[in-house]
Amino acid sequence: MDWMGLVQLAVILVSAALMLTGAGIILAGAVGVIRLPDFYTRMHAAGVTDTLGAEIIILGLILQAGFTLVSVKLALLGLIIFLTSPTSTHAVANAAYRSGLKPILRRWRSDENRGDAA
Amino acid sequence: MTFASAIDFTVGLMLVGAMLLMLVRLFIGPTLYDRVLAVNAFGTKIVLFLAVFALAVGRADSLDIALLYALINFVATIAILKFFSYRSLEVALDEMAPAPARDDKGEGA
Amino acid sequence: MTRKWLYGVTLTIVLTAMWALLSGYGLKQPLLSLAIFSIVVTVFMTIRMGLLDGEAIPYWRLRYLAYWGWLGREIVKSNIAVLKIVLSPVIDIKPVVTRTPVSLKDDVARATLANSYTLTPGTVTMEIEEGGFILHGLDESFCGQEGFRIFERKVKSATGEGSE
């Protein structure tokens, strides 16, 4: 195997690692959306771990695509997600806060408060 | 099946799993805001799925769909929230009510 | 008035570059006429809606890039903390709602700061007030006031507020 082949192999391995990490982060965030107790805590898991996972997956895809028009579009997609995701999370949080939805503010443990995990 | 497309396939499956969890939250979410949040996160995952799909099957067209979906997802979230806050989409930005003065900062804060 | 013309020309150039990047077909006649049509309509609508000002034009400064690099590290660090909470067998959290004073006056700087708080998991900006933000924290450990001060200082130096 020559030198270029080694570089190609390394790029494929790095992109695979990045994509699997990103998908794992997104899956963990989704599990958090199911497990956490109220809207305000779920918002942390849903809106925001998504952003990091999405960026990492897109980085892996860019490595996979190489220097083409495809990777330019992927970079644009990453920029759009990076800019819009916190804004929509803030919009949902702000709407809920203004409508008077009360957050849970005491200590919460998942093994003793099964009942109010609404 | 090459190694790269196998990875794409795995990542796509994981994204589908996350989307199913989001659908669960969409159905059981007790408040409106849980549902809006679930729809928004679902949209982000669809955008990623489209991007992964584009590279997995070698059709770059679906990247354009992904870009459009990302933009429409954002606008839809804002529009839904605006509609449920004001019951109308025709409220101008300078007619919106200022932040209400609240005294319920929370008993534990 | 001249500034407004400058903004309009910049917006047209940016839109043209965006179209050229996204279509990837090169200069073919029917497509090109549609592209010119859509760019003209977009610029006209932007002027009519009164959106054409300094904020509408994407402009970049090198200090922003340095800030984004620092923000990226912070995002990764607090993401790991949130994922640890989410994936632990017993979730043990104490959510808090806290108010942090913000002395920034510039709109772009305030928006950058609020979005940075939101982007780092564990804290989400819930309400923007005149002299501060109301944040919701997933756990007490994400809401140290000294951490918020570091963010504000970084944003201040990135947007150059106070120095210009």
# chains A, B, ... in the order shown; residues from 1 in each chain; ligands from 1
$ interface_residues --of "chain C" --to "chain A" --cutoff "6 Å" --atoms "only C-alpha atoms" --output "PyMOL selection string"
chain C and resi 86+90-96+115+118-119+121-122+126-127+138
$ write_last_selection --atoms "N, CA, C and O atoms" --output "mmCIF file, in the first residue's frame"
data_model
loop_
_atom_site.group_PDB
_atom_site.id
_atom_site.type_symbol
_atom_site.label_atom_id
_atom_site.label_comp_id
_atom_site.auth_asym_id
_atom_site.auth_seq_id
_atom_site.Cartn_x
_atom_site.Cartn_y
_atom_site.Cartn_z
ATOM 1 N N VAL C 86 -27.854 12.531 31.403
ATOM 2 C CA VAL C 86 -28.950 11.862 30.712
ATOM 3 C C VAL C 86 -28.779 10.348 30.745
ATOM 4 O O VAL C 86 -29.730 9.605 30.932
ATOM 5 N N VAL C 90 -29.601 6.700 37.269
ATOM 6 C CA VAL C 90 -30.544 7.465 38.071
ATOM 7 C C VAL C 90 -30.298 8.937 37.793
ATOM 8 O O VAL C 90 -29.226 9.455 38.085
ATOM 9 N N ILE C 91 -31.291 9.599 37.205
ATOM 10 C CA ILE C 91 -31.141 11.034 36.938
ATOM 11 C C ILE C 91 -31.331 11.789 38.243
ATOM 12 O O ILE C 91 -32.340 11.623 38.921
ATOM 13 N N ASP C 92 -30.339 12.587 38.599
ATOM 14 C CA ASP C 92 -30.384 13.323 39.863
ATOM 15 C C ASP C 92 -30.041 14.775 39.551
ATOM 16 O O ASP C 92 -28.884 15.133 39.433
ATOM 17 N N ILE C 93 -31.076 15.600 39.369
ATOM 18 C CA ILE C 93 -30.824 16.981 38.972
ATOM 19 C C ILE C 93 -31.591 17.930 39.866
ATOM 20 O O ILE C 93 -32.548 17.547 40.545
ATOM 21 N N LYS C 94 -31.157 19.182 39.881
ATOM 22 C CA LYS C 94 -31.893 20.239 40.549
ATOM 23 C C LYS C 94 -31.967 21.418 39.587
ATOM 24 O O LYS C 94 -31.064 22.241 39.535
ATOM 25 N N PRO C 95 -33.038 21.474 38.782
ATOM 26 C CA PRO C 95 -33.125 22.571 37.810
ATOM 27 C C PRO C 95 -33.253 23.922 38.500
ATOM 28 O O PRO C 95 -33.862 24.022 39.572
ATOM 29 N N VAL C 96 -32.677 24.943 37.906
ATOM 30 C CA VAL C 96 -32.752 26.282 38.494
ATOM 31 C C VAL C 96 -33.145 27.273 37.409
ATOM 32 O O VAL C 96 -32.863 27.088 36.240
ATOM 33 N N ASN C 115 -27.413 33.615 22.305
ATOM 34 C CA ASN C 115 -27.313 32.369 21.552
ATOM 35 C C ASN C 115 -26.191 31.494 22.073
ATOM 36 O O ASN C 115 -26.289 30.271 22.025
ATOM 37 N N THR C 118 -27.488 29.680 24.988
ATOM 38 C CA THR C 118 -28.398 28.623 24.572
ATOM 39 C C THR C 118 -27.647 27.450 23.951
ATOM 40 O O THR C 118 -28.009 26.301 24.163
ATOM 41 N N LEU C 119 -26.584 27.765 23.208
ATOM 42 C CA LEU C 119 -25.859 26.700 22.518
ATOM 43 C C LEU C 119 -25.110 25.792 23.473
ATOM 44 O O LEU C 119 -24.956 24.614 23.195
ATOM 45 N N PRO C 121 -25.124 23.395 26.197
ATOM 46 C CA PRO C 121 -26.190 22.655 26.864
ATOM 47 C C PRO C 121 -26.103 22.843 28.376
ATOM 48 O O PRO C 121 -25.035 23.081 28.913
ATOM 49 N N GLY C 122 -27.258 22.748 29.013
ATOM 50 C CA GLY C 122 -27.282 22.980 30.449
ATOM 51 C C GLY C 122 -27.830 24.349 30.784
ATOM 52 O O GLY C 122 -28.398 24.539 31.838
ATOM 53 N N MET C 126 -34.133 32.080 28.514
ATOM 54 C CA MET C 126 -35.591 32.035 28.434
ATOM 55 C C MET C 126 -36.183 33.389 28.135
ATOM 56 O O MET C 126 -37.211 33.485 27.475
ATOM 57 N N GLU C 127 -35.578 34.452 28.656
ATOM 58 C CA GLU C 127 -36.173 35.772 28.479
ATOM 59 C C GLU C 127 -35.056 36.792 28.425
ATOM 60 O O GLU C 127 -34.066 36.680 29.155
ATOM 61 N N LEU C 138 -30.155 23.232 33.673
ATOM 62 C CA LEU C 138 -30.542 21.849 33.914
ATOM 63 C C LEU C 138 -30.144 21.401 35.313
ATOM 64 O O LEU C 138 -30.830 20.614 35.941
#
$ residues_around --residues "Leu68 in chain B" --least-positions-apart "6" --cutoff "12 Å" --atoms "only C-alpha atoms" --output "JSON, numbers by chain"
{"A": [73, 76, 77, 80, 81], "B": [43, 44, 46, 47, 50, 51, 61, 62, 74, 75, 76], "C": [22]}
$ write_last_selection --atoms "all heavy atoms" --output "compact mmCIF listing (two decimals), in the first residue's frame"
# COMPACT_ATOMS: atom_id res chain seq x y z
N LYS A 73 -22.07 22.27 -0.03
CA LYS A 73 -23.47 22.27 0.40
C LYS A 73 -23.60 21.76 1.83
O LYS A 73 -24.39 22.27 2.62
CB LYS A 73 -24.30 21.39 -0.54
CG LYS A 73 -24.65 22.09 -1.82
CD LYS A 73 -25.55 21.22 -2.66
CE LYS A 73 -25.65 21.81 -4.05
NZ LYS A 73 -26.39 20.94 -4.95
N LEU A 76 -22.68 24.46 4.18
CA LEU A 76 -23.77 25.42 4.29
C LEU A 76 -24.87 24.89 5.19
O LEU A 76 -25.42 25.61 6.04
CB LEU A 76 -24.31 25.70 2.89
CG LEU A 76 -25.11 26.98 2.70
CD1 LEU A 76 -24.24 28.16 3.03
CD2 LEU A 76 -25.60 27.07 1.29
N LEU A 77 -25.17 23.60 5.04
CA LEU A 77 -26.18 22.95 5.88
C LEU A 77 -25.78 23.04 7.36
O LEU A 77 -26.59 23.36 8.23
CB LEU A 77 -26.32 21.50 5.45
CG LEU A 77 -27.53 20.70 5.89
CD1 LEU A 77 -28.76 21.35 5.35
CD2 LEU A 77 -27.42 19.30 5.37
N ILE A 80 -26.30 26.54 8.62
CA ILE A 80 -27.72 26.86 8.85
C ILE A 80 -28.19 26.23 10.16
O ILE A 80 -28.85 26.88 10.98
CB ILE A 80 -28.57 26.36 7.67
CG1 ILE A 80 -28.32 27.24 6.45
CG2 ILE A 80 -30.04 26.39 8.01
CD1 ILE A 80 -29.02 26.77 5.22
N ILE A 81 -27.82 24.95 10.38
CA ILE A 81 -28.24 24.30 11.62
C ILE A 81 -27.64 25.00 12.83
O ILE A 81 -28.32 25.26 13.82
CB ILE A 81 -27.85 22.81 11.60
CG1 ILE A 81 -28.68 22.08 10.56
CG2 ILE A 81 -28.07 22.16 12.96
CD1 ILE A 81 -28.38 20.63 10.47
N GLY B 43 -37.30 17.43 12.89
CA GLY B 43 -36.90 18.04 11.63
C GLY B 43 -35.38 18.07 11.47
O GLY B 43 -34.86 17.77 10.39
N THR B 44 -34.67 18.40 12.56
CA THR B 44 -33.20 18.39 12.50
C THR B 44 -32.68 17.01 12.12
O THR B 44 -31.76 16.87 11.30
CB THR B 44 -32.62 18.80 13.86
OG1 THR B 44 -33.28 19.96 14.31
CG2 THR B 44 -31.15 19.08 13.74
N ILE B 46 -34.32 14.70 10.47
CA ILE B 46 -34.65 14.40 9.06
C ILE B 46 -33.62 15.05 8.14
O ILE B 46 -33.17 14.44 7.16
CB ILE B 46 -36.07 14.88 8.73
CG1 ILE B 46 -37.08 13.93 9.32
CG2 ILE B 46 -36.25 14.98 7.23
CD1 ILE B 46 -38.39 13.92 8.64
N VAL B 47 -33.23 16.29 8.47
CA VAL B 47 -32.23 16.97 7.65
C VAL B 47 -30.94 16.15 7.62
O VAL B 47 -30.36 15.90 6.55
CB VAL B 47 -31.97 18.38 8.21
CG1 VAL B 47 -30.76 18.99 7.56
CG2 VAL B 47 -33.16 19.26 7.98
N LEU B 50 -31.38 13.04 5.54
CA LEU B 50 -31.31 13.32 4.10
C LEU B 50 -29.86 13.49 3.65
O LEU B 50 -29.48 13.02 2.58
CB LEU B 50 -32.12 14.57 3.76
CG LEU B 50 -33.62 14.40 3.66
CD1 LEU B 50 -34.29 15.74 3.52
CD2 LEU B 50 -33.95 13.54 2.47
N ALA B 51 -29.05 14.17 4.49
CA ALA B 51 -27.65 14.37 4.12
C ALA B 51 -26.92 13.03 4.06
O ALA B 51 -26.16 12.76 3.11
CB ALA B 51 -26.98 15.31 5.11
N ASP B 61 -28.81 15.30 -5.13
CA ASP B 61 -30.01 16.14 -5.17
C ASP B 61 -30.65 16.28 -3.81
O ASP B 61 -31.16 17.34 -3.47
CB ASP B 61 -31.09 15.55 -6.10
CG ASP B 61 -30.50 14.88 -7.30
OD1 ASP B 61 -29.27 14.78 -7.37
OD2 ASP B 61 -31.28 14.45 -8.16
N SER B 62 -30.62 15.20 -3.02
CA SER B 62 -31.36 15.27 -1.76
C SER B 62 -30.69 16.22 -0.78
O SER B 62 -31.29 16.59 0.22
CB SER B 62 -31.52 13.89 -1.16
OG SER B 62 -30.28 13.37 -0.81
N PHE B 74 -37.12 25.72 10.56
CA PHE B 74 -36.95 26.88 11.44
C PHE B 74 -38.17 27.80 11.34
O PHE B 74 -38.75 28.20 12.35
CB PHE B 74 -35.67 27.61 11.05
CG PHE B 74 -35.45 28.88 11.78
CD1 PHE B 74 -35.29 28.86 13.14
CD2 PHE B 74 -35.39 30.08 11.11
CE1 PHE B 74 -35.07 30.04 13.83
CE2 PHE B 74 -35.17 31.25 11.78
CZ PHE B 74 -35.02 31.23 13.15
N VAL B 75 -38.56 28.13 10.10
CA VAL B 75 -39.69 29.04 9.93
C VAL B 75 -40.96 28.44 10.52
O VAL B 75 -41.75 29.14 11.16
CB VAL B 75 -39.87 29.37 8.43
CG1 VAL B 75 -41.09 30.23 8.23
CG2 VAL B 75 -38.66 30.09 7.91
N ALA B 76 -41.15 27.12 10.34
CA ALA B 76 -42.36 26.48 10.85
C ALA B 76 -42.41 26.55 12.36
O ALA B 76 -43.48 26.84 12.94
CB ALA B 76 -42.40 25.02 10.38
N LEU C 22 -24.88 26.84 -5.32
CA LEU C 22 -25.89 25.81 -5.08
C LEU C 22 -26.35 25.15 -6.37
O LEU C 22 -26.71 23.98 -6.36
CB LEU C 22 -27.10 26.42 -4.36
CG LEU C 22 -26.86 26.73 -2.91
CD1 LEU C 22 -28.12 27.24 -2.27
CD2 LEU C 22 -26.35 25.52 -2.17
$ closest_atom_pairs --of "chain C" --to "chain B" --cutoff "12 Å" --atoms "only C-alpha atoms" --output "tab-separated table"
residue	atom	partner	partner_atom	distance
C:Trp19	CA	B:Asp64	CA	11.9
C:Leu21	CA	B:Asp64	CA	11.5
C:Leu22	CA	B:Asp64	CA	8.0
C:Ser23	CA	B:Asp64	CA	9.3
C:Gly24	CA	B:Ala60	CA	11.3
C:Met49	CA	B:Ala92	CA	11.8
C:Lys94	CA	B:Gly108	CA	9.3
C:Pro95	CA	B:Ala109	CA	8.8
C:Val96	CA	B:Ala109	CA	5.7
C:Val97	CA	B:Ala109	CA	5.6
C:Thr98	CA	B:Ala109	CA	6.2
C:Arg99	CA	B:Lys105	CA	8.9
C:Met126	CA	B:Ala99	CA	11.0
C:Glu127	CA	B:Ala99	CA	7.8
C:Ile128	CA	B:Ala99	CA	8.3
C:Glu129	CA	B:Ala99	CA	7.8
C:Glu130	CA	B:Ala99	CA	10.3
C:Phe133	CA	B:Ala99	CA	11.9
C:Ile134	CA	B:Lys105	CA	9.2
C:Leu135	CA	B:Lys105	CA	10.6
C:His136	CA	B:Ala109	CA	10.0
C:Gly137	CA	B:Ala109	CA	10.3
C:Asp139	CA	B:Ala109	CA	11.4
C:Glu140	CA	B:Ala109	CA	9.7
C:Cys143	CA	B:Ala109	CA	10.9
$ atom_distance --atom1 "CA of Ala79 in chain B" --atom2 "CA of Asn40 in chain B"
11.9 Å
$ interface_residues --of "chain B" --to "chain A" --cutoff "9 Å" --atoms "only C-alpha atoms" --output "PyMOL selection string"
chain B and resi 3-4+7-8+10-12+14-15+17-22+24-25+28-34+36-38+40-41+44-45+47-48+51-52+55+60+63-64+66-67+70-71+74-75+77-78+81-82+84-85+99-100+102+104+106-109
$ write_last_selection --atoms "C-alpha atoms" --output "PDB file, in the first residue's frame"
ATOM      1  CA  PHE B   3     -17.052   0.290   4.364  1.00  0.00           C
ATOM      2  CA  ALA B   4     -18.170   3.926   3.950  1.00  0.00           C
ATOM      3  CA  ILE B   7     -21.163   3.358   8.094  1.00  0.00           C
ATOM      4  CA  ASP B   8     -23.717   5.570   6.346  1.00  0.00           C
ATOM      5  CA  THR B  10     -25.579   2.394  10.432  1.00  0.00           C
ATOM      6  CA  VAL B  11     -25.751   6.126  11.097  1.00  0.00           C
ATOM      7  CA  GLY B  12     -29.006   6.338   9.147  1.00  0.00           C
ATOM      8  CA  MET B  14     -29.416   5.316  14.498  1.00  0.00           C
ATOM      9  CA  LEU B  15     -31.030   8.531  13.258  1.00  0.00           C
ATOM     10  CA  GLY B  17     -34.150   5.287  16.088  1.00  0.00           C
ATOM     11  CA  ALA B  18     -33.781   8.814  17.461  1.00  0.00           C
ATOM     12  CA  MET B  19     -36.649   9.941  15.219  1.00  0.00           C
ATOM     13  CA  LEU B  20     -38.885   7.201  16.637  1.00  0.00           C
ATOM     14  CA  LEU B  21     -38.107   8.386  20.185  1.00  0.00           C
ATOM     15  CA  MET B  22     -39.027  11.922  19.086  1.00  0.00           C
ATOM     16  CA  VAL B  24     -43.029   8.995  21.102  1.00  0.00           C
ATOM     17  CA  ARG B  25     -42.483  12.366  22.783  1.00  0.00           C
ATOM     18  CA  ILE B  28     -47.260  11.644  24.804  1.00  0.00           C
ATOM     19  CA  GLY B  29     -45.887  15.167  25.296  1.00  0.00           C
ATOM     20  CA  PRO B  30     -48.235  16.690  27.864  1.00  0.00           C
ATOM     21  CA  THR B  31     -47.885  20.321  26.800  1.00  0.00           C
ATOM     22  CA  LEU B  32     -47.931  22.048  23.437  1.00  0.00           C
ATOM     23  CA  TYR B  33     -44.329  23.128  23.888  1.00  0.00           C
ATOM     24  CA  ASP B  34     -43.119  19.544  24.292  1.00  0.00           C
ATOM     25  CA  VAL B  36     -43.230  21.812  19.215  1.00  0.00           C
ATOM     26  CA  LEU B  37     -39.824  20.859  20.615  1.00  0.00           C
ATOM     27  CA  ALA B  38     -40.251  17.282  19.407  1.00  0.00           C
ATOM     28  CA  ASN B  40     -38.291  20.751  15.744  1.00  0.00           C
ATOM     29  CA  ALA B  41     -35.820  18.069  16.844  1.00  0.00           C
ATOM     30  CA  THR B  44     -33.203  18.391  12.497  1.00  0.00           C
ATOM     31  CA  LYS B  45     -32.852  14.615  12.416  1.00  0.00           C
ATOM     32  CA  VAL B  47     -32.232  16.970   7.649  1.00  0.00           C
ATOM     33  CA  LEU B  48     -29.294  14.874   8.849  1.00  0.00           C
ATOM     34  CA  ALA B  51     -27.652  14.368   4.119  1.00  0.00           C
ATOM     35  CA  VAL B  52     -26.494  10.871   5.068  1.00  0.00           C
ATOM     36  CA  LEU B  55     -23.974  10.294   0.312  1.00  0.00           C
ATOM     37  CA  ALA B  60     -26.526  14.789  -4.367  1.00  0.00           C
ATOM     38  CA  LEU B  63     -28.846  17.702  -0.229  1.00  0.00           C
ATOM     39  CA  ASP B  64     -30.868  20.532  -1.769  1.00  0.00           C
ATOM     40  CA  ALA B  66     -32.105  18.930   3.125  1.00  0.00           C
ATOM     41  CA  LEU B  67     -31.147  22.617   2.874  1.00  0.00           C
ATOM     42  CA  ALA B  70     -33.626  23.001   7.443  1.00  0.00           C
ATOM     43  CA  LEU B  71     -34.876  26.473   6.517  1.00  0.00           C
ATOM     44  CA  PHE B  74     -36.952  26.878  11.440  1.00  0.00           C
ATOM     45  CA  VAL B  75     -39.686  29.042   9.928  1.00  0.00           C
ATOM     46  CA  THR B  77     -41.267  26.396  14.497  1.00  0.00           C
ATOM     47  CA  ILE B  78     -41.405  30.178  14.760  1.00  0.00           C
ATOM     48  CA  LEU B  81     -45.162  29.444  18.310  1.00  0.00           C
ATOM     49  CA  LYS B  82     -46.286  32.838  17.030  1.00  0.00           C
ATOM     50  CA  PHE B  84     -50.242  29.894  19.524  1.00  0.00           C
ATOM     51  CA  SER B  85     -48.972  32.971  21.367  1.00  0.00           C
ATOM     52  CA  ALA B  99     -42.237  40.748  28.342  1.00  0.00           C
ATOM     53  CA  PRO B 100     -44.753  40.481  31.164  1.00  0.00           C
ATOM     54  CA  ARG B 102     -43.329  38.185  36.489  1.00  0.00           C
ATOM     55  CA  ASP B 104     -42.797  33.824  40.013  1.00  0.00           C
ATOM     56  CA  GLY B 106     -39.433  30.125  41.264  1.00  0.00           C
ATOM     57  CA  GLU B 107     -39.354  29.183  44.892  1.00  0.00           C
ATOM     58  CA  GLY B 108     -35.999  27.428  44.721  1.00  0.00           C
ATOM     59  CA  ALA B 109     -34.087  29.932  42.601  1.00  0.00           C
TER      60      ALA B 109
END
$ atom_distance --atom1 "CA of Val16 in chain B" --atom2 "CA of Val39 in chain B"
14.1 Å
$ select_by_dssp --residues "chain A" --states "alpha helix (DSSP H)" --output "PyMOL selection string"
chain A and resi 3-35+39-43+49-65+69-98
